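Participant: Before I ask anything, let me first share the structure, which is written out below as structure tokens.
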Amino acid sequence: MSENKGCIKCGSTEADTKDVSMSGTGLSKMFDVQHNQFTVVFCKNCGYSEFYNKNSSTGSNILDLFFG
């Protein structure tokens with residue numbers, strides 16, 4: 001297992017995740033259809049955030065991707 005390097009902005013190793021949905025463009029935006037699903041990983045210290053598409057396979061822990 002790789003060692004966590006910390007947040008790229010502040011170096012903190014405390015992060016959390018949240019699932020969010022967003023509308024796209026065109027008709028989905030007009031009718032507020034939120035079919036784009038993401039997992040947001042954010043630093044608990046500075047708030048830096050990265051979005052990861054929930055429909056793609058990452059093959060590893062999403063927090064590992066955030067910390068590099």
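Residue names in the structure tokens use chain letters A, B, ... in the order shown, residue numbers from 1 in each chain, and ligand numbers from 1 in the order shown.
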Which polymer residues have any atom within 9 Å of an atom of region 45-47 of chain A, counting only C-alpha atoms, with same-chain residues fewer than 4 positions away left out, as a list in words?

Facilitator: Cys7, Lys9, Cys10, Ser12, Thr13, Glu14 and Ala15 of chain A

Participant: Which residues are close to Val20 (chain A), i.e. within 8 Å by only C-alpha atoms, leaving aside same-chain residues fewer than 4 positions away? Reply as a list in words.

Facilitator: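 The filter keeps Gln37, Phe38, Thr39 and Val40 of chain A.
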
Participant: Considering only C-alpha atoms, can you say which of A:Glu50, A:Asn61, A:Phe67, A:Asn55 comes closest to Ile8 (chain A)?

Facilitator: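 Ranked by minimum distance to Ile8 (chain A), first place goes to A:Phe67.
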
Participant: In Å, how far is it from CA of Lys54 (chain A) to CA of Gly11 (chain A)?

Facilitator: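 So the answer is 25.6 Å.
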
Participant: From the set A:Asp16, A:Val41, A:Asn53, A:Met22, which residue has the shortest atom-to-atom contact distance to Leu65 (chain A), counting only C-alpha atoms?

Facilitator: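 For Leu65 (chain A), the nearest of the candidates is A:Val41.
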